[in-house]
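Presented below is the structure to which this report refers.
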Amino acid sequence: MSWPNNRLTQLLGIDYPLIQAPMAGGMTTPELVAAVSNAGGLGSLGAGYMKPEAIRQAIAAIRQRTDRPFAVNLFVSEPMKEEAQRVISANRLLAPYREALNLPEPEPLLSAVADYTEELTVSLEDSSEMWVSTGANYNEQVAVLLEEAVDIISFTFGVPCDTEVETFKKRGITTMGTATHVLEGILLEEIGIDIVVVQGMEAGGHRGTFIGSAEQGLWSLMTLIPVLADQLQIPIVAAGGIMDGRGIAAAHHLGAAGVQMGTAFLTTPESGAHPLYKQALLDTTEMSTVLTKVFSGKLARGLQNRFVAELSAAEEQLPGYPIQNALTRDIRRAAAEHDMPELMSLWAGTGCALCQAKPVAELMRQWLDQAAQCLKP
Ligand SMILES: Cc1cc2nc3c(=O)[nH]c(=O)nc-3n(C[C@H](O)[C@H](O)[C@H](O)COP(=O)(O)O)c2cc1C
């Protein structure tokens with residue numbers, strides 16, 4: 001493969017094989033997405049938590065700022081079941097944080113979840129367990145992407161179903177899936193996804209693992225890229241701990257057609273990250289990230305802070321995703337409003353010590369020059 005043009009750049013219609021990772025939770029502002037696309041990469045809107053109408057507005061805002069390709073990312077989640085008792089215990093553990101932030105105690109159990117989620121439909125089957133479905137919002141999100149004729153859709157936490165993949169193909173939409181181990185990569189190719197994003201254990205944010213346990217999806221990128229590059233026909237994109245041109249070149253040498261970078265974009269002026277989150281990333285050392293389930297019930301990598309330190313002993317007793325995510329939502333929101341990074345989720349990859357506070361165009365120029373230098377024959 002020759003740098004920078006390859007199958008990936010052709011498929012996506014971009015100049016450089018560099019994708020800005022979708023980052024749900026307000027990080028991927030239209031300004032960030034458009035700046036990356038305008039610089040010749042692929043900007044991605046992290047729309048997993050967004051209401052369908054908000055997605056439509058964000059797409060319009062991106063289109064006002066760029067006429068180049070960009071992607072929209074969704075979460076594919078299976079309906080899940082949780083014991084009511086775990087929710088009650090989690091609320092007990094969260095009570096001191098709510099009290100410190102002047103947040104009301106969630107009561108009764110059903111509204112404890114319903115009040116704190118917008119995308120979940122909840123029903124209590126009996127007194128000992130509850131069912132949570134996450135399907136409804138996803139279907140409406142997909143409908144908006146089809147109506148808006150988005151060119152590229154990426155997915156994490158699972159795989160779209162056969163009929164959806166068929167629809168995307170008929171509409172000429174390019175699809176990207178997330179794999180954290182070999183089997184997931186093979187499955188994504190088999191169902192007809194066009195590009196596999198290989199998420200190494202170094203990656204910031206949630207693990208995309210959807211087959212096996214989260215721990216089985218903790219492969220280093222150095223191992224996973226060549227193994228998957230040998231197995232798959234479709235292009236693979238490396239994600240996790242890539243912070244500059246050296247990482248881009250290394251991924252290319254290992255067999256990736258491109259890279260997806262998240263943390264490295266968080267400290268740009270275009271990113272929507274909270275100012276204290278940006279500062280924490282800039283102050284960080286290479287020892288700062290941990291894998292934790294305490295914020296959401298799903299394994300994710302972020303900066304160590306008070307919330308993580310205090311709740312990690314109870315981690316295995318907490319409800320699963322997305323219930324724990326819903327239970328901590330008001331705490332995270334209030335912590336951001338009160339400038340308390342010690343109670344916010346500060347997702348970050350292992351390379352966060354290399355974060356720079358520079359505009360997107362300048363950073364991308366720097367990384368791409370460095371990559372070209374490293375890849376000189
Ligand atoms: C703040 C943050 C939010 C993220 N949200 C998403 C998301 O919504 N969808 C997704 O597919 N990946 C998400 N990721 C994971 C990225 O796609 C990617 O795997 C990761 O950023 C790569 O590692 P790096 O952060 O070290 O570059 C997120 C990552 C971060 C840091």
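All residue names refer to the structure tokens as shown: chains lettered A, B, ... in order, residues numbered from 1 in each chain, ligands numbered from 1 in order.
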Residues of region 116-353 of chain A in strand (DSSP E), written as a ChimeraX atom specification: /A:121-124,129-133,152-156,174-179,195-199,205-206,236-239,258-261,289-292,300-303
Distance query Ser77 (chain A) at most 10 Å, only C-alpha atoms, self and fewer than 2 positions along chain excluded, as a ChimeraX atom specification: /A:74-75,79-80,133-135,138,156-160,210,321-322
Kindly save the residues from that selection, with N, CA and C atoms included, as a PDB file, in the first residue's frame.
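This is the output file result36.pdb:
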ATOM      1  N   LEU A  74     -23.056   5.176  15.473  1.00  0.00           N
ATOM      2  CA  LEU A  74     -24.151   4.758  16.362  1.00  0.00           C
ATOM      3  C   LEU A  74     -23.728   3.577  17.227  1.00  0.00           C
ATOM      4  N   PHE A  75     -24.434   3.401  18.344  1.00  0.00           N
ATOM      5  CA  PHE A  75     -24.238   2.237  19.207  1.00  0.00           C
ATOM      6  C   PHE A  75     -25.260   1.168  18.824  1.00  0.00           C
ATOM      7  N   PRO A  79     -30.916  -5.769  23.699  1.00  0.00           N
ATOM      8  CA  PRO A  79     -31.712  -5.580  24.913  1.00  0.00           C
ATOM      9  C   PRO A  79     -31.037  -6.338  26.063  1.00  0.00           C
ATOM     10  N   MET A  80     -31.068  -5.801  27.262  1.00  0.00           N
ATOM     11  CA  MET A  80     -30.400  -6.493  28.367  1.00  0.00           C
ATOM     12  C   MET A  80     -31.269  -6.574  29.612  1.00  0.00           C
ATOM     13  N   SER A 133     -34.718  -2.349  27.336  1.00  0.00           N
ATOM     14  CA  SER A 133     -34.507  -2.465  25.893  1.00  0.00           C
ATOM     15  C   SER A 133     -33.884  -1.174  25.385  1.00  0.00           C
ATOM     16  N   THR A 134     -32.920  -1.287  24.508  1.00  0.00           N
ATOM     17  CA  THR A 134     -32.281  -0.077  23.987  1.00  0.00           C
ATOM     18  C   THR A 134     -32.581   0.114  22.508  1.00  0.00           C
ATOM     19  N   GLY A 135     -33.509  -0.690  21.992  1.00  0.00           N
ATOM     20  CA  GLY A 135     -33.735  -0.722  20.544  1.00  0.00           C
ATOM     21  C   GLY A 135     -34.374   0.516  19.933  1.00  0.00           C
ATOM     22  N   TYR A 138     -32.326   3.570  18.657  1.00  0.00           N
ATOM     23  CA  TYR A 138     -31.411   3.171  17.588  1.00  0.00           C
ATOM     24  C   TYR A 138     -32.135   3.169  16.238  1.00  0.00           C
ATOM     25  N   THR A 156     -20.444   0.777  16.813  1.00  0.00           N
ATOM     26  CA  THR A 156     -19.681   0.110  17.859  1.00  0.00           C
ATOM     27  C   THR A 156     -20.653  -0.615  18.785  1.00  0.00           C
ATOM     28  N   PHE A 157     -20.134  -1.467  19.644  1.00  0.00           N
ATOM     29  CA  PHE A 157     -20.883  -2.276  20.620  1.00  0.00           C
ATOM     30  C   PHE A 157     -21.665  -3.418  19.967  1.00  0.00           C
ATOM     31  N   GLY A 158     -21.587  -3.591  18.651  1.00  0.00           N
ATOM     32  CA  GLY A 158     -22.352  -4.656  18.030  1.00  0.00           C
ATOM     33  C   GLY A 158     -22.348  -4.551  16.526  1.00  0.00           C
ATOM     34  N   VAL A 159     -23.254  -5.309  15.916  1.00  0.00           N
ATOM     35  CA  VAL A 159     -23.321  -5.402  14.463  1.00  0.00           C
ATOM     36  C   VAL A 159     -24.736  -5.090  14.001  1.00  0.00           C
ATOM     37  N   PRO A 160     -24.906  -4.266  12.973  1.00  0.00           N
ATOM     38  CA  PRO A 160     -26.265  -4.075  12.449  1.00  0.00           C
ATOM     39  C   PRO A 160     -26.780  -5.382  11.849  1.00  0.00           C
ATOM     40  N   PHE A 210     -18.216  -7.122  21.487  1.00  0.00           N
ATOM     41  CA  PHE A 210     -19.583  -7.646  21.458  1.00  0.00           C
ATOM     42  C   PHE A 210     -19.642  -9.168  21.400  1.00  0.00           C
ATOM     43  N   TYR A 321     -24.125  -2.112  31.581  1.00  0.00           N
ATOM     44  CA  TYR A 321     -24.470  -1.056  30.629  1.00  0.00           C
ATOM     45  C   TYR A 321     -25.797  -1.427  29.960  1.00  0.00           C
ATOM     46  N   PRO A 322     -26.730  -0.524  29.692  1.00  0.00           N
ATOM     47  CA  PRO A 322     -26.604   0.915  29.903  1.00  0.00           C
ATOM     48  C   PRO A 322     -27.194   1.426  31.225  1.00  0.00           C
TER      49      PRO A 322
END
Neighbourhood of ligand 1 at 6 Å, counting only C-alpha atoms and all ligand atoms, reported as a ChimeraX atom specification: /A:21-24,46,48,73,155-156,199,202-206,239-242,261-263,347-351
Mind writing the picked residues with N, CA and C atoms as a tab-separated table (two decimals), in the first residue's frame?
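Done, and the output landed in part25.tsv:
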chain	number	residue	atom	x	y	z
A	21	ALA	N	-11.91	9.87	15.56
A	21	ALA	CA	-12.83	8.91	16.17
A	21	ALA	C	-14.13	9.58	16.56
A	22	PRO	N	-15.24	8.85	16.35
A	22	PRO	CA	-16.51	9.36	16.88
A	22	PRO	C	-16.40	9.33	18.40
A	23	MET	N	-16.84	10.38	19.08
A	23	MET	CA	-16.76	10.39	20.55
A	23	MET	C	-18.07	10.95	21.10
A	24	ALA	N	-18.93	10.04	21.52
A	24	ALA	CA	-20.26	10.43	22.00
A	24	ALA	C	-20.13	11.24	23.29
A	46	GLY	N	-20.04	11.51	16.87
A	46	GLY	CA	-20.40	10.46	17.83
A	46	GLY	C	-21.85	10.68	18.26
A	48	GLY	N	-24.11	8.29	19.28
A	48	GLY	CA	-24.70	7.18	20.05
A	48	GLY	C	-25.73	7.59	21.07
A	73	ASN	N	-21.66	7.97	13.78
A	73	ASN	CA	-21.46	6.72	14.52
A	73	ASN	C	-22.62	6.43	15.47
A	155	PHE	N	-20.21	1.91	13.40
A	155	PHE	CA	-20.93	1.28	14.51
A	155	PHE	C	-19.96	0.80	15.57
A	156	THR	N	-20.44	0.78	16.81
A	156	THR	CA	-19.68	0.11	17.86
A	156	THR	C	-20.65	-0.62	18.79
A	199	GLN	N	-9.95	-1.96	17.38
A	199	GLN	CA	-9.75	-1.16	18.60
A	199	GLN	C	-8.85	-1.92	19.57
A	202	GLU	N	-5.34	-0.16	24.01
A	202	GLU	CA	-4.80	1.18	24.34
A	202	GLU	C	-5.87	2.26	24.21
A	203	ALA	N	-6.97	1.94	23.53
A	203	ALA	CA	-7.95	2.96	23.14
A	203	ALA	C	-8.63	3.64	24.32
A	204	GLY	N	-8.89	4.94	24.18
A	204	GLY	CA	-9.69	5.67	25.14
A	204	GLY	C	-11.17	5.39	24.92
A	205	GLY	N	-11.96	5.59	25.96
A	205	GLY	CA	-13.42	5.41	25.85
A	205	GLY	C	-13.83	3.95	26.02
A	206	HIS	N	-15.08	3.68	25.64
A	206	HIS	CA	-15.64	2.34	25.86
A	206	HIS	C	-15.05	1.30	24.93
A	239	ALA	N	-7.04	1.69	15.79
A	239	ALA	CA	-7.45	2.68	16.80
A	239	ALA	C	-6.93	2.29	18.17
A	240	GLY	N	-6.34	3.26	18.86
A	240	GLY	CA	-5.90	3.02	20.23
A	240	GLY	C	-4.49	3.51	20.47
A	241	GLY	N	-4.35	4.61	21.18
A	241	GLY	CA	-3.03	5.10	21.58
A	241	GLY	C	-2.23	5.76	20.48
A	242	ILE	N	-2.83	6.00	19.33
A	242	ILE	CA	-2.10	6.65	18.22
A	242	ILE	C	-2.22	8.17	18.41
A	261	MET	N	-8.18	8.16	15.36
A	261	MET	CA	-7.59	8.78	16.55
A	261	MET	C	-8.66	9.57	17.32
A	262	GLY	N	-8.74	9.31	18.63
A	262	GLY	CA	-9.74	9.99	19.44
A	262	GLY	C	-9.12	10.97	20.41
A	263	THR	N	-8.38	10.44	21.39
A	263	THR	CA	-7.81	11.26	22.46
A	263	THR	C	-7.02	12.45	21.91
A	347	TRP	N	-12.57	10.11	29.66
A	347	TRP	CA	-12.07	9.04	28.79
A	347	TRP	C	-10.78	9.46	28.09
A	348	ALA	N	-9.82	8.55	28.06
A	348	ALA	CA	-8.53	8.86	27.44
A	348	ALA	C	-7.79	7.57	27.12
A	349	GLY	N	-7.05	7.58	26.01
A	349	GLY	CA	-6.23	6.43	25.63
A	349	GLY	C	-4.88	6.47	26.33
A	350	THR	N	-4.14	5.37	26.19
A	350	THR	CA	-2.85	5.26	26.90
A	350	THR	C	-1.83	6.29	26.44
A	351	GLY	N	-2.04	6.88	25.25
A	351	GLY	CA	-1.07	7.84	24.73
A	351	GLY	C	-1.32	9.27	25.16
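Between CA of Met27 (chain A) and CA of Tyr97 (chain A) lies a distance of 24.1 Å.
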Wanna dump the region 313-372 of chain A-region 268-291 of chain A contacts at 10 Å for me, each residue with its shortest atom pair and the distance in Å to one decimal, counting only C-alpha atoms, ordered by chain and number, as JSON lines?
{"residue": "A:Ala336", "atom": "CA", "partner": "A:His274", "partner_atom": "CA", "distance": 7.2}
{"residue": "A:Glu337", "atom": "CA", "partner": "A:His274", "partner_atom": "CA", "distance": 9.4}
{"residue": "A:Asp339", "atom": "CA", "partner": "A:Leu276", "partner_atom": "CA", "distance": 7.1}
{"residue": "A:Met340", "atom": "CA", "partner": "A:Leu276", "partner_atom": "CA", "distance": 8.2}
{"residue": "A:Pro341", "atom": "CA", "partner": "A:Leu276", "partner_atom": "CA", "distance": 6.4}
{"residue": "A:Glu342", "atom": "CA", "partner": "A:Tyr277", "partner_atom": "CA", "distance": 9.8}
{"residue": "A:Met344", "atom": "CA", "partner": "A:Tyr277", "partner_atom": "CA", "distance": 8.4}
{"residue": "A:Ser345", "atom": "CA", "partner": "A:Tyr277", "partner_atom": "CA", "distance": 8.8}
{"residue": "A:Leu346", "atom": "CA", "partner": "A:Tyr277", "partner_atom": "CA", "distance": 6.2}
{"residue": "A:Trp347", "atom": "CA", "partner": "A:Thr289", "partner_atom": "CA", "distance": 8.4}
{"residue": "A:Ala348", "atom": "CA", "partner": "A:Thr289", "partner_atom": "CA", "distance": 6.7}
{"residue": "A:Gly349", "atom": "CA", "partner": "A:Thr289", "partner_atom": "CA", "distance": 6.9}
{"residue": "A:Thr350", "atom": "CA", "partner": "A:Thr289", "partner_atom": "CA", "distance": 6.1}
{"residue": "A:Gly351", "atom": "CA", "partner": "A:Glu286", "partner_atom": "CA", "distance": 6.8}
{"residue": "A:Cys352", "atom": "CA", "partner": "A:Leu281", "partner_atom": "CA", "distance": 6.3}
{"residue": "A:Ala353", "atom": "CA", "partner": "A:Thr285", "partner_atom": "CA", "distance": 5.2}
{"residue": "A:Leu354", "atom": "CA", "partner": "A:Leu282", "partner_atom": "CA", "distance": 8.0}
{"residue": "A:Cys355", "atom": "CA", "partner": "A:Leu282", "partner_atom": "CA", "distance": 5.9}
{"residue": "A:Gln356", "atom": "CA", "partner": "A:Leu282", "partner_atom": "CA", "distance": 6.9}
{"residue": "A:Ala357", "atom": "CA", "partner": "A:Thr268", "partner_atom": "CA", "distance": 5.2}
{"residue": "A:Lys358", "atom": "CA", "partner": "A:Thr268", "partner_atom": "CA", "distance": 5.3}
{"residue": "A:Pro359", "atom": "CA", "partner": "A:Thr268", "partner_atom": "CA", "distance": 5.2}
{"residue": "A:Val360", "atom": "CA", "partner": "A:Thr268", "partner_atom": "CA", "distance": 6.1}
{"residue": "A:Ala361", "atom": "CA", "partner": "A:Thr268", "partner_atom": "CA", "distance": 9.7}
{"residue": "A:Glu362", "atom": "CA", "partner": "A:Thr268", "partner_atom": "CA", "distance": 9.8}
{"residue": "A:Leu363", "atom": "CA", "partner": "A:Thr268", "partner_atom": "CA", "distance": 8.6}
Take the residues from that selection and put them in a file with C-alpha atoms, as a tab-separated table (two decimals), in the first residue's frame.
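To be explicit, this is the file written out as result_28.tsv:
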chain	number	residue	atom	x	y	z
A	336	ALA	CA	-19.37	19.15	34.75
A	337	GLU	CA	-21.63	22.10	35.63
A	339	ASP	CA	-16.35	22.16	37.47
A	340	MET	CA	-15.61	18.96	39.40
A	341	PRO	CA	-13.47	16.75	37.14
A	342	GLU	CA	-12.98	14.33	40.04
A	344	MET	CA	-16.59	13.28	35.60
A	345	SER	CA	-15.78	10.47	33.13
A	346	LEU	CA	-12.49	11.60	31.59
A	347	TRP	CA	-12.07	9.04	28.79
A	348	ALA	CA	-8.53	8.86	27.44
A	349	GLY	CA	-6.23	6.43	25.63
A	350	THR	CA	-2.85	5.26	26.90
A	351	GLY	CA	-1.07	7.84	24.73
A	352	CYS	CA	-2.71	10.84	26.42
A	353	ALA	CA	0.63	12.21	27.69
A	354	LEU	CA	1.21	13.29	24.05
A	355	CYS	CA	-1.92	15.49	23.87
A	356	GLN	CA	-1.35	18.97	22.43
A	357	ALA	CA	-3.59	22.04	22.63
A	358	LYS	CA	-3.45	23.03	18.95
A	359	PRO	CA	-6.08	23.62	16.28
A	360	VAL	CA	-7.07	20.61	14.15
A	361	ALA	CA	-5.57	21.92	10.89
A	362	GLU	CA	-2.19	22.55	12.52
A	363	LEU	CA	-2.10	19.20	14.33
Atom-to-atom span, CA of Gly320 (chain A) and CA of Ala214 (chain A), Å: 12.0 Å
Using only C-alpha atoms, determine which residues lie at most 9 Å from Trp367 (chain A), disregarding the query and same-chain residues fewer than 4 positions distant; provide the list as a PDB file with N, CA and C atoms, in the first residue's frame.
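So the final result, stored in selection-v2.pdb, reads:
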ATOM      1  N   MET A 243      -1.104   8.840  18.536  1.00  0.00           N
ATOM      2  CA  MET A 243      -1.125  10.255  18.929  1.00  0.00           C
ATOM      3  C   MET A 243      -0.416  11.171  17.952  1.00  0.00           C
ATOM      4  N   ASP A 244       0.330  10.625  16.998  1.00  0.00           N
ATOM      5  CA  ASP A 244       1.050  11.494  16.055  1.00  0.00           C
ATOM      6  C   ASP A 244       1.504  10.693  14.834  1.00  0.00           C
ATOM      7  N   GLY A 245       2.371  11.305  14.032  1.00  0.00           N
ATOM      8  CA  GLY A 245       2.794  10.671  12.785  1.00  0.00           C
ATOM      9  C   GLY A 245       3.552   9.370  12.977  1.00  0.00           C
ATOM     10  N   ARG A 246       4.232   9.245  14.119  1.00  0.00           N
ATOM     11  CA  ARG A 246       4.955   7.992  14.376  1.00  0.00           C
ATOM     12  C   ARG A 246       3.973   6.830  14.521  1.00  0.00           C
ATOM     13  N   ILE A 248       0.920   6.760  13.306  1.00  0.00           N
ATOM     14  CA  ILE A 248       0.257   6.557  12.009  1.00  0.00           C
ATOM     15  C   ILE A 248       1.147   5.667  11.128  1.00  0.00           C
ATOM     16  N   GLU A 362      -3.626  22.539  12.209  1.00  0.00           N
ATOM     17  CA  GLU A 362      -2.189  22.548  12.520  1.00  0.00           C
ATOM     18  C   GLU A 362      -1.702  21.161  12.967  1.00  0.00           C
ATOM     19  N   LEU A 363      -2.479  20.530  13.842  1.00  0.00           N
ATOM     20  CA  LEU A 363      -2.098  19.196  14.329  1.00  0.00           C
ATOM     21  C   LEU A 363      -2.040  18.192  13.184  1.00  0.00           C
ATOM     22  N   ALA A 371       4.308  11.528   9.530  1.00  0.00           N
ATOM     23  CA  ALA A 371       4.040  10.182   8.985  1.00  0.00           C
ATOM     24  C   ALA A 371       4.757  10.017   7.651  1.00  0.00           C
ATOM     25  N   ALA A 372       4.656  11.051   6.802  1.00  0.00           N
ATOM     26  CA  ALA A 372       5.286  10.956   5.478  1.00  0.00           C
ATOM     27  C   ALA A 372       6.803  10.793   5.627  1.00  0.00           C
TER      28      ALA A 372
END
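Near Arg56 (chain A), within 9 Å and counting only C-alpha atoms, sit A:Lys51, A:Pro52, A:Ala60, A:Ala61, A:Val144, A:Leu145, A:Glu148, not including residues fewer than 4 positions from it in the same chain.
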Which residues of region 198-314 of chain A sit at most 12 Å from region 162-184 of chain A, using only C-alpha atoms? Give each one's shortest atom pair and distance in Å (one decimal place), in chain and ascending residue order, as JSON lines.
{"residue": "A:Val198", "atom": "CA", "partner": "A:Ala179", "partner_atom": "CA", "distance": 5.0}
{"residue": "A:Gln199", "atom": "CA", "partner": "A:Thr180", "partner_atom": "CA", "distance": 5.0}
{"residue": "A:Gly200", "atom": "CA", "partner": "A:Thr180", "partner_atom": "CA", "distance": 6.3}
{"residue": "A:Met201", "atom": "CA", "partner": "A:Thr180", "partner_atom": "CA", "distance": 7.9}
{"residue": "A:Glu202", "atom": "CA", "partner": "A:Thr180", "partner_atom": "CA", "distance": 10.9}
{"residue": "A:Ala203", "atom": "CA", "partner": "A:Thr180", "partner_atom": "CA", "distance": 10.1}
{"residue": "A:His206", "atom": "CA", "partner": "A:Thr180", "partner_atom": "CA", "distance": 11.1}
{"residue": "A:Arg207", "atom": "CA", "partner": "A:Thr180", "partner_atom": "CA", "distance": 7.6}
{"residue": "A:Gly208", "atom": "CA", "partner": "A:Thr178", "partner_atom": "CA", "distance": 6.2}
{"residue": "A:Thr209", "atom": "CA", "partner": "A:Thr180", "partner_atom": "CA", "distance": 5.6}
{"residue": "A:Phe210", "atom": "CA", "partner": "A:Glu184", "partner_atom": "CA", "distance": 7.5}
{"residue": "A:Ile211", "atom": "CA", "partner": "A:Glu184", "partner_atom": "CA", "distance": 6.6}
{"residue": "A:Gly212", "atom": "CA", "partner": "A:Glu184", "partner_atom": "CA", "distance": 9.6}
{"residue": "A:Ser213", "atom": "CA", "partner": "A:Thr180", "partner_atom": "CA", "distance": 10.8}
{"residue": "A:Ala214", "atom": "CA", "partner": "A:Thr180", "partner_atom": "CA", "distance": 9.0}
{"residue": "A:Glu215", "atom": "CA", "partner": "A:Thr180", "partner_atom": "CA", "distance": 10.1}
{"residue": "A:Gln216", "atom": "CA", "partner": "A:His181", "partner_atom": "CA", "distance": 7.7}
{"residue": "A:Gly217", "atom": "CA", "partner": "A:Thr180", "partner_atom": "CA", "distance": 4.9}
{"residue": "A:Leu218", "atom": "CA", "partner": "A:Thr180", "partner_atom": "CA", "distance": 6.9}
{"residue": "A:Trp219", "atom": "CA", "partner": "A:His181", "partner_atom": "CA", "distance": 6.7}
{"residue": "A:Ser220", "atom": "CA", "partner": "A:Thr180", "partner_atom": "CA", "distance": 9.3}
{"residue": "A:Leu221", "atom": "CA", "partner": "A:Thr180", "partner_atom": "CA", "distance": 9.3}
{"residue": "A:Thr223", "atom": "CA", "partner": "A:His181", "partner_atom": "CA", "distance": 10.0}
{"residue": "A:Leu224", "atom": "CA", "partner": "A:His181", "partner_atom": "CA", "distance": 7.0}
{"residue": "A:Ile225", "atom": "CA", "partner": "A:Val182", "partner_atom": "CA", "distance": 9.4}
{"residue": "A:Pro226", "atom": "CA", "partner": "A:Val182", "partner_atom": "CA", "distance": 10.5}
{"residue": "A:Val227", "atom": "CA", "partner": "A:Val182", "partner_atom": "CA", "distance": 7.4}
{"residue": "A:Leu228", "atom": "CA", "partner": "A:Val182", "partner_atom": "CA", "distance": 6.0}
{"residue": "A:Ala229", "atom": "CA", "partner": "A:Val182", "partner_atom": "CA", "distance": 9.8}
{"residue": "A:Asp230", "atom": "CA", "partner": "A:Val182", "partner_atom": "CA", "distance": 10.3}
{"residue": "A:Gln231", "atom": "CA", "partner": "A:Val182", "partner_atom": "CA", "distance": 8.2}
{"residue": "A:Leu232", "atom": "CA", "partner": "A:Val182", "partner_atom": "CA", "distance": 9.4}
{"residue": "A:Ile234", "atom": "CA", "partner": "A:Met176", "partner_atom": "CA", "distance": 10.4}
{"residue": "A:Pro235", "atom": "CA", "partner": "A:Met176", "partner_atom": "CA", "distance": 9.9}
{"residue": "A:Ile236", "atom": "CA", "partner": "A:Met176", "partner_atom": "CA", "distance": 9.4}
{"residue": "A:Val237", "atom": "CA", "partner": "A:Thr178", "partner_atom": "CA", "distance": 9.3}
{"residue": "A:Ala238", "atom": "CA", "partner": "A:Thr178", "partner_atom": "CA", "distance": 10.1}
{"residue": "A:Ala239", "atom": "CA", "partner": "A:Thr178", "partner_atom": "CA", "distance": 9.5}
{"residue": "A:Gly240", "atom": "CA", "partner": "A:Thr180", "partner_atom": "CA", "distance": 10.5}
{"residue": "A:Gln260", "atom": "CA", "partner": "A:Thr178", "partner_atom": "CA", "distance": 10.8}
Helix (DSSP H, G or I) call set, DSSP backbone run, region 239-363 of chain A, as a PyMOL selection string: chain A and resi 245-254+263-266+275-283+306-317+323-337+341-343+352-354+360-363
